[in-house]
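To keep things clear, I will list the structure first and then write my remarks on it.
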Amino acid sequence: MNGTGTVHVVGAGLAGLAAAVALAAAGRRVVLYESSQHAGGRCRSYFDAELGCRIDNGNHLLLSGNRSAMEYLRLIEARHTFESPGEASFPFVDLTTGERWSLRPNRGALPWWVLCAGRRVPGTRAGDYLAARRLRDAGPDATVADCLDPHSTLYRRLWQPVAVAALNTAAEAGAARLFWPVLSETLGRGAAACLPLVPREGLSESLIDPALAMLRARGADIRLVARLRGIRFAGNGVRELDFDNGLVDVAEDDQVVPAVPATVAARLVPQLVTPDDHAPIVNAHYRTTISPGASGDAPLFIGLIGATAEWVFRKGEVVSVTVSAADTLVDRPAEELGAVLWRDVAAAYRLPQQPVPPVRIVKERRATFRATPAQQRKRPATKTRWNNLLLVGDYVDTGLPATIEGAIRSGLAAAEAIARLSGARIARGRPGTDSLERSDDTRTGADDPKREAARLAR
Ligand SMILES: Cc1cc2nc3c(=O)[nH]c(=O)nc-3n(C[C@H](O)[C@H](O)[C@H](O)COP(=O)(O)OP(=O)(O)OC[C@H]3O[C@@H](n4cnc5c(N)ncnc54)[C@H](O)[C@@H]3O)c2cc1C
C-alpha cells in the first residue's frame, strides 16, 4: 500500500466534507457518498413551508479561534460568507433582573479584561475567572461543576450557559476535560480568538455548498442517495463497500473513511464502541415583521440568563432560539414551546409580547452525544485495527465535545493521516494528529504507546 489510491468518504456531514476537501486539495482522488439527497448532515439549511423562507436546522456559532473550522473555510474559500459583530463581544441579558452586559475580552495574551468591571460579568471579581484553570487539571471523571463553584454568580451567568451550549449537557454532568479546550482555544487566547462568526445567509451557503463546489472543481465524484449498508473485510482491511444501489470494490491502495453518525458507525464496524447516550436540542424559528435589527442596535445574537431560551440569533426577518440539553422541553407540544420561548425572545430583543409570530419548532432528539465523562470513555480513535479504515465524525475522540470544530478537526486529522501515507502534507494550520489517538488515558485500543507519550508531552 503506497497511499495513492482512491479515498472513499462515506457521509457528507462536516466531518466527511472536511476530510474530502482536504484530500482533494492535496490532489487525492475522492469519492464522497451520502445516504440522503443533500449534504450537510446535522448542519444545513432548508426551505420551511410553514414560515415561507429558508432556515438553518439549528443555530451554529463559530469563533475565530476554532482553528480547524478556519482552516476548512480557507480550503473552501468561504470565510467571506460569515458576518460578525466586528469585535469580540458577547452580549447577555439576565431576565430575572433586567441587567444587560457584554463580555469583552481584550487583544493580546494577558487577559487584563477581567480587571475591568465594564468588560466582565456584573457581580463578579477578577479572581473568580482564575478558577477556570481548575478545568485544565481536571481528572477524567470530573464534571464542570466539580471544578467551578456552582453557587457563584460567574457560574450562573457565564460558565453554565457556555458549558451547556458547548457540551449539550448540563454543567453538573458535563466533562470538565471537554470544556477546558473549548475555553482555552477561544476565551483563553483573547479577543483575536473570540471573534463571533455567523453565516450571513445560512449554514448550507457558508459551510456546505462551497465545499461541494470545491470538490466538484477538483474532480471529486459526489454520489448522493447512496446509503452504505455494510462493509466487507478481508485480512487486515476493507475490501468491499455494500451500498443500497450496488457494491463498490476497494482496491489495494484505497482508503475508506466512514463519516457517519456514531450509531451508524457502530452498526457498520465490528466491535466498535461509540457514545450511545444522546441529548436533544430544541430550536424555535420565528418569522417577524418587526425585525429586531431594524433599530440598528440589536445584537446578532444574545445569551439569556434566567430564561427558558438560552441563545437567540437574528437573521433578517427570522429570529431563532436554541435550547441545548433540552430534556425537559423536547416532549412539550410545539405550540406551547412557541409561546414560552417567544416571551423570552421578546424580552431580550424588546419586541412586542403579542401576538406570537409564526414559528417552526425543530426538535433534534439525538442532536449530539452527551459530553459526560462516561460517554467520553466510549469515543473511539480515528485509527482502527484495519489498515485502510479511518473513522471521522464528532463522536470520534478529538478531545473536543461534539461541535462543528470537533467534526471538522476529526475530518482534517484523518485526511492528514492518509496524505502522510503518500508523503504529502494536507494543509497549513494545525489540523494535525489531534484525534488519531484517543485524547485521554482511558483508551483501550492497542495504539502506539510512543505516539501517545509524545501527544501527552505536547
Ligand atoms: C440542532 C443542532 C444544533 C447544533 N448547534 C451547534 C452549535 O451551535 N455549534 C457547534 O459547534 N455545533 C453544533 N451542533 C453540532 C454539530 O452540528 C455536529 O457536531 C456536526 O454537524 C456533526 O457533523 P458530522 O459530520 O460528525 O455528522 P453528521 O452531520 O451527522 O453527518 C453524517 C452524515 O452521514 C450521512 N449518513 C448516515 N448514514 C449513512 C450511511 N449509511 N451511508 C451514507 N451516508 C450516511 C448522514 O446523512 C449525514 O449527512 C448542533 C447540532 C444540532 C443537531
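By convention in this document, the chains of the C-alpha cells carry letters A, B, ... by their order, each chain's residues are numbered from 1, and ligands are numbered from 1 in the order they are shown.
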Practice item. Taking only C-alpha atoms and all ligand atoms into account, report as a ChimeraX atom specification which residues have an atom no farther than 6 Å from an atom of ligand 1. Key: /A:10-16,33-36,39-43,57-61,226-229,259-261,264,281,364,367,393-394,402-405,407
Point to revise | Selection near Ala176 of chain A, 6 Å with only C-alpha atoms, sequence-local residues under 6 positions removed, as number ranges by chain | key: A: 135, 142-144
Mind writing the picked residues with C-alpha atoms as a tab-separated table (two decimals), in the first residue's frame?
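again.tsv, written as the output of this step:
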chain	number	residue	atom	x	y	z
A	135	LEU	CA	-10.65	22.66	34.44
A	142	ALA	CA	-14.56	15.45	36.96
A	143	THR	CA	-17.56	17.46	35.81
A	144	VAL	CA	-17.61	21.19	35.10
Per residue of segment 83-177 of chain A within 12 Å of segment 326-342 of chain A, record the nearest atom pair and its distance in Å to one decimal, counting only C-alpha atoms, with rows in chain order and ascending residue number, as JSON lines.
{"residue": "A:Val164", "atom": "CA", "partner": "A:Ala326", "partner_atom": "CA", "distance": 9.8}
{"residue": "A:Ala165", "atom": "CA", "partner": "A:Ala326", "partner_atom": "CA", "distance": 10.6}
{"residue": "A:Asn168", "atom": "CA", "partner": "A:Ala326", "partner_atom": "CA", "distance": 8.4}
{"residue": "A:Thr169", "atom": "CA", "partner": "A:Ala326", "partner_atom": "CA", "distance": 8.8}
{"residue": "A:Ala170", "atom": "CA", "partner": "A:Ala326", "partner_atom": "CA", "distance": 9.5}
Compile a residue-level contact table for segment 249-316 of chain A against segment 49-53 of chain A at a cut-off of 12 Å, reporting for every qualifying residue the shortest atom pair and its distance in Å to one decimal, with only C-alpha atoms counted, rows ordered by chain and ascending number, as a tab-separated table.
residue	atom	partner	partner_atom	distance
A:Ala284	CA	A:Leu51	CA	11.4
A:His285	CA	A:Leu51	CA	8.5
A:Tyr286	CA	A:Leu51	CA	7.8
A:Arg287	CA	A:Leu51	CA	6.4
A:Thr288	CA	A:Leu51	CA	9.8
A:Thr289	CA	A:Leu51	CA	11.8
A:Lys315	CA	A:Cys53	CA	11.6
A:Gly316	CA	A:Cys53	CA	10.7
Practice item. Skip Arg200 of chain A itself and residues of its chain fewer than 6 positions away, then list as a ChimeraX atom specification all residues within 10 Å of it, counting only C-alpha atoms. Key: /A:80-84,206,315-316
Exercise for review: Would you list, as an MDAnalysis selection string, the residues of segment 297-419 of chain A that end up in strand (DSSP E or B) under DSSP run on this structure's backbone?
Suggested key: chainID A and resid 301:305 311:315 318:323 359:369 383 389:390
Keeping only C-alpha atoms, write those residues as a short mmCIF file (atom, residue, chain, number, x, y, z; two decimals), in the first residue's frame.
data_model
loop_
_atom_site.label_atom_id
_atom_site.label_comp_id
_atom_site.auth_asym_id
_atom_site.auth_seq_id
_atom_site.Cartn_x
_atom_site.Cartn_y
_atom_site.Cartn_z
CA PHE A 301 -27.03 37.05 18.95
CA ILE A 302 -27.58 37.31 22.69
CA GLY A 303 -27.21 34.94 25.65
CA LEU A 304 -30.17 34.74 28.03
CA ILE A 305 -29.77 34.10 31.75
CA TRP A 311 -29.27 31.80 22.97
CA VAL A 312 -31.15 33.94 20.45
CA PHE A 313 -29.90 34.75 16.95
CA ARG A 314 -31.37 37.16 14.41
CA LYS A 315 -31.02 36.98 10.64
CA VAL A 318 -36.02 35.30 11.25
CA VAL A 319 -35.27 35.21 14.97
CA SER A 320 -34.08 31.80 16.19
CA VAL A 321 -33.79 30.38 19.67
CA THR A 322 -31.60 27.48 20.79
CA VAL A 323 -32.04 25.39 23.91
CA VAL A 359 -42.98 29.75 14.40
CA ARG A 360 -41.32 26.50 13.42
CA ILE A 361 -40.15 24.32 16.30
CA VAL A 362 -37.34 21.92 15.39
CA LYS A 363 -36.65 19.15 17.88
CA GLU A 364 -33.42 17.23 17.32
CA ARG A 365 -33.89 14.43 19.85
CA ARG A 366 -30.44 12.94 19.30
CA ALA A 367 -28.56 16.10 18.41
CA THR A 368 -25.16 15.07 19.83
CA PHE A 369 -23.78 12.60 22.36
CA LYS A 383 -7.24 4.82 13.61
CA LEU A 389 -10.22 2.27 7.57
CA LEU A 390 -10.17 5.61 9.43
#
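Of note, atom CA of Ser422 of chain A and atom CA of Thr4 of chain A are spaced 6.0 Å apart.
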Practice item. Could you tell me which of A:Val392, A:Ala88, A:Ala138, A:Leu400 comes closest to Pro258 of chain A if we count only C-alpha atoms? Key: A:Val392
Exercise for review: Write out as number ranges by chain which residues come within 8 Å of segment 178-188 of chain A when counting only C-alpha atoms, dropping same-chain ones fewer than 5 positions away.
Suggested key: A: 63-66, 105, 111, 135-136, 144, 163, 166-167, 193-194, 371, 399-401
Practice item. Tell me which protein, DNA and RNA residues are within 8 Å of Arg232 of chain A, counting only C-alpha atoms, leaving out same-chain ones fewer than 4 positions away, and put them as a ChimeraX atom specification. Key: /A:238-242
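Proximity to Asn106 of chain A at 10 Å, evaluated using only C-alpha atoms and with sequence-adjacent residues fewer than 5 positions away removed, yields Glu87, Ala88, Ser89, Pro111, Trp112, Trp113, Val114, Arg119, Leu187, Arg189, Gly190, Ala191, Ala192 and Cys194 of chain A.
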